[in-house]
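K.L.:
Structure file model.txt (compact mmCIF, C-alpha atoms) right here:
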# COMPACT_ATOMS: atom_id res chain seq x y z
CA MET A 292 -48.77 106.49 -14.47
CA LYS A 293 -52.08 106.45 -16.34
CA GLU A 294 -53.03 103.39 -18.39
CA LYS A 295 -53.08 105.25 -21.72
CA GLU A 296 -49.65 106.74 -21.04
CA LYS A 297 -48.31 103.28 -20.19
CA ALA A 298 -49.89 101.79 -23.33
CA ILE A 299 -48.17 104.40 -25.51
CA ILE A 300 -44.80 103.77 -23.85
CA GLU A 301 -45.05 99.99 -24.18
CA ALA A 302 -46.15 100.23 -27.82
CA ALA A 303 -43.23 102.56 -28.57
CA ILE A 304 -40.74 100.23 -26.84
CA LYS A 305 -41.98 97.35 -29.01
CA LEU A 306 -41.64 99.37 -32.22
CA TYR A 307 -38.29 100.94 -31.32
CA ALA A 308 -36.92 97.48 -30.54
CA THR A 309 -37.65 96.26 -34.07
CA LYS A 310 -37.46 99.43 -36.20
CA GLY A 311 -35.31 101.84 -34.23
CA PHE A 312 -36.19 105.33 -32.98
CA ALA A 313 -35.68 107.31 -36.19
CA SER A 314 -37.70 104.91 -38.37
CA THR A 315 -40.74 104.81 -36.07
CA SER A 316 -43.43 107.43 -36.61
CA ILE A 317 -45.90 108.78 -34.08
CA GLN A 318 -48.70 107.43 -36.30
CA GLU A 319 -47.27 103.91 -36.00
CA ILE A 320 -47.04 104.29 -32.22
CA VAL A 321 -50.66 105.41 -31.83
CA SER A 322 -51.85 102.65 -34.18
CA GLU A 323 -49.93 100.03 -32.19
CA SER A 324 -51.25 101.34 -28.86
CA GLY A 325 -54.84 101.82 -30.06
CA ILE A 326 -54.86 105.41 -28.84
CA SER A 327 -55.65 108.50 -30.91
CA LYS A 328 -52.99 110.97 -31.98
CA GLY A 329 -54.79 113.66 -29.99
CA ALA A 330 -54.50 111.54 -26.84
CA PHE A 331 -50.81 110.99 -27.60
CA TYR A 332 -50.14 114.72 -27.48
CA LEU A 333 -51.99 115.04 -24.18
CA TYR A 334 -49.21 112.95 -22.62
CA PHE A 335 -46.17 113.70 -24.78
CA LYS A 336 -45.29 116.94 -26.55
CA SER A 337 -43.04 115.20 -29.07
CA LYS A 338 -41.32 111.95 -29.99
CA ASP A 339 -38.25 113.13 -28.06
CA ALA A 340 -40.40 113.67 -24.96
CA LEU A 341 -41.71 110.12 -25.38
CA LEU A 342 -38.14 108.81 -25.60
CA ILE A 343 -37.27 110.41 -22.26
CA ALA A 344 -40.41 108.87 -20.74
CA ILE A 345 -39.45 105.45 -22.15
CA LEU A 346 -35.94 105.62 -20.69
CA GLU A 347 -37.30 106.75 -17.30
CA TYR A 348 -39.92 103.98 -17.42
CA TYR A 349 -37.28 101.38 -18.23
CA PHE A 350 -34.86 102.56 -15.52
CA ASP A 351 -37.71 102.66 -12.99
CA TYR A 352 -38.67 99.11 -13.98
CA ILE A 353 -35.11 97.95 -13.30
CA GLU A 354 -34.99 99.75 -9.93
CA LYS A 355 -38.21 98.03 -8.85
CA LYS A 356 -36.74 94.63 -9.78
CA LEU A 357 -33.71 95.35 -7.58
CA GLU A 358 -35.74 96.77 -4.69
CA VAL A 359 -37.53 93.41 -4.28
CA TYR A 360 -34.47 92.14 -2.39
CA GLU A 361 -33.97 95.18 -0.16
CA GLN A 362 -36.30 93.97 2.59
CA ASP A 363 -35.23 90.32 2.56
CA GLN A 364 -33.17 89.04 5.49
CA LEU A 365 -30.16 88.23 3.36
CA SER A 366 -26.45 88.77 3.79
CA SER A 367 -25.04 91.68 1.78
CA ARG A 368 -23.37 89.26 -0.62
CA GLU A 369 -26.52 87.18 -1.15
CA LYS A 370 -28.59 90.30 -1.78
CA PHE A 371 -26.10 91.70 -4.30
CA ALA A 372 -25.86 88.35 -6.10
CA LEU A 373 -29.65 88.21 -6.45
CA GLN A 374 -29.76 91.83 -7.63
CA LEU A 375 -27.09 91.23 -10.29
CA THR A 376 -28.95 88.10 -11.41
CA ALA A 377 -32.19 90.12 -11.64
CA LEU A 378 -30.36 92.81 -13.60
CA PHE A 379 -29.06 90.31 -16.15
CA ASN A 380 -32.49 88.67 -16.48
CA THR A 381 -34.32 91.99 -16.81
CA MET A 382 -32.03 93.13 -19.61
CA LEU A 383 -32.42 89.79 -21.39
CA GLU A 384 -36.22 90.16 -21.13
CA HIS A 385 -35.82 93.37 -23.13
CA LYS A 386 -33.10 92.02 -25.39
CA GLU A 387 -34.30 93.69 -28.61
CA PHE A 388 -34.67 97.08 -26.92
CA ILE A 389 -31.17 96.83 -25.39
CA ILE A 390 -29.63 95.89 -28.74
CA MET A 391 -31.44 98.80 -30.41
CA GLN A 392 -30.05 101.23 -27.83
CA SER A 393 -26.53 99.94 -28.38
CA ARG A 394 -26.60 100.64 -32.11
CA GLU A 395 -24.65 103.68 -33.20
CA GLN A 396 -26.92 106.75 -33.31
CA ALA A 397 -29.93 104.59 -32.45
CA ILE A 398 -31.29 107.27 -30.15
CA PRO A 399 -30.74 111.04 -30.43
CA LEU A 400 -28.31 112.28 -27.80
CA ASN A 401 -29.95 115.63 -27.19
CA GLU A 402 -29.13 117.51 -24.00
CA GLU A 403 -32.01 116.02 -22.02
CA VAL A 404 -31.07 112.45 -22.96
CA LYS A 405 -27.42 113.14 -22.09
CA GLU A 406 -28.46 114.51 -18.70
CA LEU A 407 -30.59 111.46 -17.99
CA MET A 408 -27.87 109.00 -19.04
CA ILE A 409 -25.19 110.74 -16.95
CA ARG A 410 -27.49 110.75 -13.92
CA LYS A 411 -28.33 107.06 -14.33
CA TYR A 412 -24.69 106.17 -14.91
CA TYR A 413 -23.77 107.83 -11.63
CA GLU A 414 -26.63 106.09 -9.81
CA ALA A 415 -25.36 102.74 -11.13
CA GLN A 416 -21.90 103.53 -9.78
CA VAL A 417 -23.39 104.40 -6.38
CA PHE A 418 -25.36 101.13 -6.41
CA TYR A 419 -22.20 99.13 -7.12
CA GLN A 420 -20.19 101.03 -4.51
CA ASN A 421 -22.80 100.75 -1.76
CA SER A 422 -23.12 97.01 -2.40
CA LEU A 423 -19.34 96.50 -2.42
CA ARG A 424 -18.98 98.57 0.75
CA ALA A 425 -21.62 96.44 2.48
CA ILE A 426 -19.83 93.21 1.47
CA TYR A 427 -16.17 94.13 2.00
CA GLY A 428 -16.28 96.98 4.52
CA GLU A 429 -13.25 99.18 5.20
CA LYS A 430 -10.93 96.95 3.18
CA ALA A 431 -12.60 98.08 -0.04
CA GLU A 432 -13.30 101.71 0.92
CA PRO A 433 -10.24 103.36 -0.73
CA HIS A 434 -10.86 101.47 -3.97
CA LEU A 435 -14.64 101.70 -4.37
CA TRP A 436 -14.55 103.71 -7.59
CA ASP A 437 -11.97 101.37 -9.15
CA LEU A 438 -13.88 98.28 -8.01
CA ALA A 439 -17.21 99.65 -9.25
CA LEU A 440 -15.72 100.48 -12.65
CA MET A 441 -14.13 97.04 -12.96
CA LEU A 442 -17.35 95.30 -11.89
CA GLU A 443 -19.25 97.37 -14.44
CA GLY A 444 -16.76 96.18 -17.05
CA PHE A 445 -17.42 92.55 -16.07
CA PHE A 446 -21.17 93.09 -16.21
CA ASN A 447 -21.25 94.91 -19.56
CA SER A 448 -18.90 92.44 -21.26
CA TYR A 449 -20.84 89.38 -20.13
CA MET A 450 -24.11 91.14 -20.94
CA LYS A 451 -23.02 91.54 -24.58
CA LEU A 452 -22.10 87.87 -24.69
CA LEU A 453 -25.49 86.86 -23.27
CA LEU A 454 -27.37 89.11 -25.70
CA PHE A 455 -25.80 87.53 -28.76
CA SER A 456 -24.78 84.04 -27.57
CA PRO A 457 -26.75 83.01 -24.46
CA ASP A 458 -26.50 79.23 -24.84
CA GLY A 459 -24.62 77.37 -22.13
CA PHE A 460 -24.76 80.16 -19.54
CA LYS A 461 -26.42 79.89 -16.14
CA ILE A 462 -26.77 83.43 -14.89
CA ASN A 463 -26.63 82.61 -11.18
CA GLU A 464 -23.36 80.72 -11.74
CA LEU A 465 -22.00 83.60 -13.83
CA VAL A 466 -22.81 86.07 -11.04
CA GLU A 467 -21.06 83.91 -8.43
CA TYR A 468 -18.05 83.66 -10.75
CA MET A 469 -17.98 87.47 -11.10
CA LEU A 470 -18.16 87.98 -7.34
CA ARG A 471 -15.27 85.57 -6.80
CA ARG A 472 -13.25 87.68 -9.23
CA VAL A 473 -14.17 90.76 -7.20
CA ASP A 474 -12.93 88.92 -4.07
CA SER A 475 -9.58 88.56 -5.83
CA LEU A 476 -9.58 92.22 -6.86
CA VAL A 477 -10.26 93.41 -3.31
CA ASP A 478 -7.38 91.29 -2.00
CA GLY A 479 -5.08 92.34 -4.82
CA LEU A 480 -5.74 96.07 -4.41
CA GLU A 481 -4.71 96.08 -0.76
CA GLY A 482 -1.77 98.46 -0.40
CA GLU A 483 -2.27 99.91 -3.90
CA ASN A 484 -3.03 103.57 -4.54
CA PRO A 485 -6.46 104.00 -6.14
CA VAL A 486 -6.52 105.12 -9.78
CA ALA A 487 -10.08 106.43 -9.74
CA SER A 488 -11.19 108.49 -6.76
CA GLU A 489 -13.93 110.91 -5.75
CA GLU A 490 -11.62 113.81 -6.60
CA LYS A 491 -10.79 112.51 -10.07
CA VAL A 492 -14.43 111.98 -10.99
CA LYS A 493 -15.53 115.30 -9.53
CA GLU A 494 -16.83 116.59 -12.87
CA LEU A 495 -19.17 113.61 -13.19
CA ILE A 496 -20.36 114.11 -9.61
CA ASN A 497 -20.99 117.83 -10.15
CA LYS A 498 -22.89 117.21 -13.38
CA THR A 499 -25.00 114.57 -11.67
CA LYS A 500 -25.77 116.90 -8.77
CA ALA A 501 -26.90 119.58 -11.21
CA TYR A 502 -29.12 117.13 -13.10
CA PHE A 503 -30.86 116.06 -9.90
CA LEU A 504 -32.32 119.56 -9.91
CA ALA A 505 -33.26 119.50 -13.61
CA ASP A 506 -36.89 119.36 -14.75
CA GLY A 507 -38.69 116.48 -13.07
CA GLN A 508 -36.08 116.07 -10.35
CA ASP A 509 -37.90 117.67 -7.44
CA ILE A 510 -36.91 117.40 -3.79
CA LYS A 511 -39.08 114.31 -3.20
CA THR A 512 -37.34 112.49 -6.06
CA ILE A 513 -33.94 113.27 -4.56
CA LEU A 514 -35.07 112.06 -1.12
CA LYS A 515 -36.41 108.83 -2.62
CA LYS A 516 -33.06 108.11 -4.26
CA MET A 517 -31.23 109.03 -1.06
CA LYS A 518 -33.42 106.60 0.89
CA HIS A 519 -32.51 103.82 -1.52
CA ALA A 520 -28.79 104.60 -1.15
CA ILE A 521 -29.07 104.59 2.66
CA SER A 522 -30.74 101.17 2.60
CA ASN A 523 -27.49 99.73 1.24
CA LEU A 524 -25.37 101.13 4.08
CA GLU A 525 -24.56 99.21 7.24
CA ASN A 526 -25.55 100.62 10.66
CA ASN A 527 -28.01 102.96 8.95
CA GLU A 528 -30.52 103.38 11.80
CA ASP A 529 -29.46 106.95 12.66
CA LEU A 530 -29.34 107.91 8.99
CA ASN A 531 -32.89 106.62 8.50
CA VAL A 532 -34.11 108.67 11.47
CA SER A 533 -32.50 111.81 10.02
CA LEU A 534 -34.03 111.06 6.62
CA GLU A 535 -37.51 110.60 8.14
CA VAL A 536 -37.22 113.98 9.86
CA LEU A 537 -36.06 115.51 6.57
CA GLU A 538 -38.96 113.94 4.66
CA SER A 539 -41.47 115.26 7.21
CA GLU A 540 -39.93 118.73 7.12
CA VAL A 541 -40.06 119.15 3.34
CA GLU A 542 -43.77 118.21 3.46
CA ARG A 543 -44.50 121.24 5.65
CA GLU A 544 -46.10 124.27 4.01
CA SER A 545 -43.11 126.31 5.19
CA PRO A 546 -40.13 124.00 5.75
CA ARG A 547 -37.85 125.15 8.59
CA ILE A 548 -34.45 125.76 7.06
CA PRO A 549 -32.47 125.27 10.32
CA VAL A 550 -34.07 121.82 10.74
CA ILE A 551 -33.18 120.86 7.16
CA GLN A 552 -29.64 122.14 7.64
CA GLY A 553 -29.30 120.20 10.89
CA MET A 554 -30.51 116.95 9.34
CA LEU A 555 -28.22 117.34 6.32
CA SER A 556 -25.23 117.73 8.63
CA ASN A 557 -25.92 114.21 9.91
CA PHE A 558 -25.04 112.81 6.47
CA LYS A 559 -21.67 114.54 6.10
CA ASP A 560 -19.65 111.50 7.16
CA GLN A 561 -21.18 109.37 4.40
CA GLN A 562 -19.33 110.20 1.19
CA SER A 563 -21.67 108.08 -0.92
CA LEU A 564 -24.56 110.39 0.06
CA ASP A 565 -22.78 113.63 -0.82
CA VAL A 566 -24.47 114.04 -4.20
CA TYR A 567 -27.93 113.90 -2.57
CA ARG A 568 -27.00 116.02 0.46
CA GLU A 569 -25.47 118.73 -1.71
CA ALA A 570 -28.39 118.71 -4.16
CA ILE A 571 -30.87 119.19 -1.27
CA ALA A 572 -28.70 121.94 0.20
CA GLU A 573 -28.60 123.69 -3.18
CA PHE A 574 -32.38 123.33 -3.54
CA TYR A 575 -32.87 125.28 -0.30
CA GLY A 576 -30.02 127.72 -0.91
CA LEU A 577 -27.80 126.26 1.81
CA LYS A 578 -24.09 125.67 1.83
CA GLY A 579 -23.30 122.00 1.10
I need this file expressed as structure tokens, please.
P.N.:
Amino acid sequence: MKEKEKAIIEAAIKLYATKGFASTSIQEIVSESGISKGAFYLYFKSKDALLIAILEYYFDYIEKKLEVYEQDQLSSREKFALQLTALFNTMLEHKEFIIMQSREQAIPLNEEVKELMIRKYYEAQVFYQNSLRAIYGEKAEPHLWDLALMLEGFFNSYMKLLLFSPDGFKINELVEYMLRRVDSLVDGLEGENPVASEEKVKELINKTKAYFLADGQDIKTILKKMKHAISNLENNEDLNVSLEVLESEVERESPRIPVIQGMLSNFKDQQSLDVYREAIAEFYGLKG
């Protein structure tokens, strides 16, 4: 990202946090950023286009905060605890912006924003599920959607409390408390039939898959997200090898379709990777 583009985004975030999206003009944004209106339109066609860039910038910022712990030699539980702590802290760093987003009609829900939010919501669910799978293994597998939804409920509820009444909370202790509650949920769900399942959330999955191929979601973007998802899986050595072959193949001037098809078949046993595998298959006109 170019420095001027970043300056515009950061100036807009600051203004949106205090004034809201609708009340902030492009003139105010360029004045705050110290960049001319002509330069603004070189980077963004409209205020709506800037909003999409801001949301992408913010989500990317969060992902980078979480990725810090991917390479550390930590247990799955320790890594997830640190990532949840980082997630709480990152959102508190941008408290005003988060509160602005939560206001009714604070941002326009045009089709592009809806697509982005659905895609990011699904990615958050995959993050929760991969982390829970790594911690609890087969015991949690039938209930991953339910557990992810319940954990999301914990996170969002405590996040609201922290945004408006942070005194007396230690985030690392809160995260440990939440994970102990998840321990209880995993034990309590044993023998229960899952309420949420891959089949029941199929519409969300299909929409997400379609949005991976929307504007800006090229094959390299999909592979990057797939790589991140694989990093959260146990015994992922073979999957990483297949992904490396896939990454090399798509870089070729004329990718060999049989090679791509063969590598994709190596991911079929990993349900959490289906959305990426099927999106890549669709990109190359293959059967998922």
K.L.:
Using all atoms listed in the file for the distances, tell me which of A:Gln562, A:Ser475, A:Asn463, A:Asn531 is nearest to Glu489 (chain A).
P.N.:
A:Gln562
K.L.:
Contacts of region 348-363 of chain A at 9 Å or less, counting all atoms listed in the file, minus same-chain residues fewer than 4 places along, as a list in words?
P.N.:
Lys297, Ile300, Ile343, Ala344, Lys370, Phe371, Leu373, Gln374, Leu375, Ala377, Leu378, Thr381, Met382, Lys411, His519, Ser522 and Asn523 of chain A
K.L.:
List every protein, DNA or RNA residue with an atom no more than 12 Å from (-41.1, 116.5, 3.5) in the file's coordinates, counting all atoms listed in the file, and format the result as a list of chain:residue names.
P.N.:
A:Asp509, A:Ile510, A:Lys511, A:Thr512, A:Ile513, A:Leu514, A:Lys515, A:Ser533, A:Leu534, A:Glu535, A:Val536, A:Leu537, A:Glu538, A:Ser539, A:Glu540, A:Val541, A:Glu542, A:Arg543, A:Glu544, A:Ser545, A:Pro546, A:Arg547, A:Ile548, A:Val550, A:Ile551, A:Ile571
K.L.:
For CA of Ala302 (chain A) and CA of Glu323 (chain A), determine how far apart the two atoms are, in Å to one decimal place.
P.N.:
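So the answer is 5.8 Å.
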K.L.:
Could you check the closest approach to Met450 (chain A) for each of A:Asn421, A:Thr376, A:Gln416, A:Ser367 and tell me which residue wins, using only C-alpha atoms?
P.N.:
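Going through A:Asn421, A:Thr376, A:Gln416, A:Ser367 one by one, the smallest distance to Met450 (chain A) is for A:Thr376.
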K.L.:
So how far away is CA of Ile521 (chain A) from CA of Asn380 (chain A), in Å?
P.N.:
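Going from CA of Asn380 (chain A) over to CA of Ile521 (chain A), I get 25.1 Å.
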K.L.:
So that I can check the surroundings of region 305-312 of chain A, please list as a ChimeraX atom specification every protein, DNA and RNA residue that reaches within 8 Å of it, counting all atoms listed in the file and ignoring chain neighbours fewer than 3 positions away.
P.N.:
/A:301-302,315,320,387-391,397-398
K.L.:
What lies within 10 Å of Ala520 (chain A) using only C-alpha atoms, ignoring chain neighbours under 2 positions off, as a PDB file with C-alpha atoms, in the coordinates of the input?
P.N.:
ATOM      1  CA  GLU A 414     -26.630 106.090  -9.810  1.00  0.00           C
ATOM      2  CA  VAL A 417     -23.390 104.400  -6.380  1.00  0.00           C
ATOM      3  CA  PHE A 418     -25.360 101.130  -6.410  1.00  0.00           C
ATOM      4  CA  GLN A 420     -20.190 101.030  -4.510  1.00  0.00           C
ATOM      5  CA  ASN A 421     -22.800 100.750  -1.760  1.00  0.00           C
ATOM      6  CA  SER A 422     -23.120  97.010  -2.400  1.00  0.00           C
ATOM      7  CA  LEU A 514     -35.070 112.060  -1.120  1.00  0.00           C
ATOM      8  CA  LYS A 515     -36.410 108.830  -2.620  1.00  0.00           C
ATOM      9  CA  LYS A 516     -33.060 108.110  -4.260  1.00  0.00           C
ATOM     10  CA  MET A 517     -31.230 109.030  -1.060  1.00  0.00           C
ATOM     11  CA  LYS A 518     -33.420 106.600   0.890  1.00  0.00           C
ATOM     12  CA  SER A 522     -30.740 101.170   2.600  1.00  0.00           C
ATOM     13  CA  ASN A 523     -27.490  99.730   1.240  1.00  0.00           C
ATOM     14  CA  LEU A 524     -25.370 101.130   4.080  1.00  0.00           C
ATOM     15  CA  SER A 563     -21.670 108.080  -0.920  1.00  0.00           C
ATOM     16  CA  LEU A 564     -24.560 110.390   0.060  1.00  0.00           C
ATOM     17  CA  TYR A 567     -27.930 113.900  -2.570  1.00  0.00           C
TER      18      TYR A 567
END
K.L.:
If I take CA of Lys461 (chain A) and CA of Leu365 (chain A), how far is one from the other in Å, to one decimal?
P.N.:
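Between these atoms lies a distance of 21.5 Å.
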K.L.:
Calculated over all atoms listed in the file, which of the candidates A:Met408, A:Leu476, A:Leu465, A:Ile317 has the smallest distance to Leu453 (chain A)?
P.N.:
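Closest to Leu453 (chain A), using all atoms listed in the file: A:Leu465.
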K.L.:
Please list as a short mmCIF file (atom, residue, chain, number, x, y, z; two decimals) with C-alpha atoms, in the frame of the given file every residue within 12 Å of Gly482 (chain A), counting all atoms listed in the file and excluding residues in the same chain fewer than 3 positions away.
P.N.:
data_model
loop_
_atom_site.label_atom_id
_atom_site.label_comp_id
_atom_site.auth_asym_id
_atom_site.auth_seq_id
_atom_site.Cartn_x
_atom_site.Cartn_y
_atom_site.Cartn_z
CA LYS A 430 -10.93 96.95 3.18
CA ALA A 431 -12.60 98.08 -0.04
CA PRO A 433 -10.24 103.36 -0.73
CA HIS A 434 -10.86 101.47 -3.97
CA LEU A 476 -9.58 92.22 -6.86
CA VAL A 477 -10.26 93.41 -3.31
CA ASP A 478 -7.38 91.29 -2.00
CA GLY A 479 -5.08 92.34 -4.82
CA PRO A 485 -6.46 104.00 -6.14
#
K.L.:
Would you pick out the contacts of Tyr449 (chain A) at 10 Å or less, using only C-alpha atoms, so that residues sharing its chain but fewer than 6 positions from it are not included, and give the list as a CSV table (one decimal) with C-alpha atoms, in the frame of the given file?
P.N.:
chain,number,residue,atom,x,y,z
A,379,PHE,CA,-29.1,90.3,-16.2
A,443,GLU,CA,-19.2,97.4,-14.4
A,456,SER,CA,-24.8,84.0,-27.6
A,457,PRO,CA,-26.8,83.0,-24.5
A,462,ILE,CA,-26.8,83.4,-14.9
A,465,LEU,CA,-22.0,83.6,-13.8
A,466,VAL,CA,-22.8,86.1,-11.0
A,469,MET,CA,-18.0,87.5,-11.1
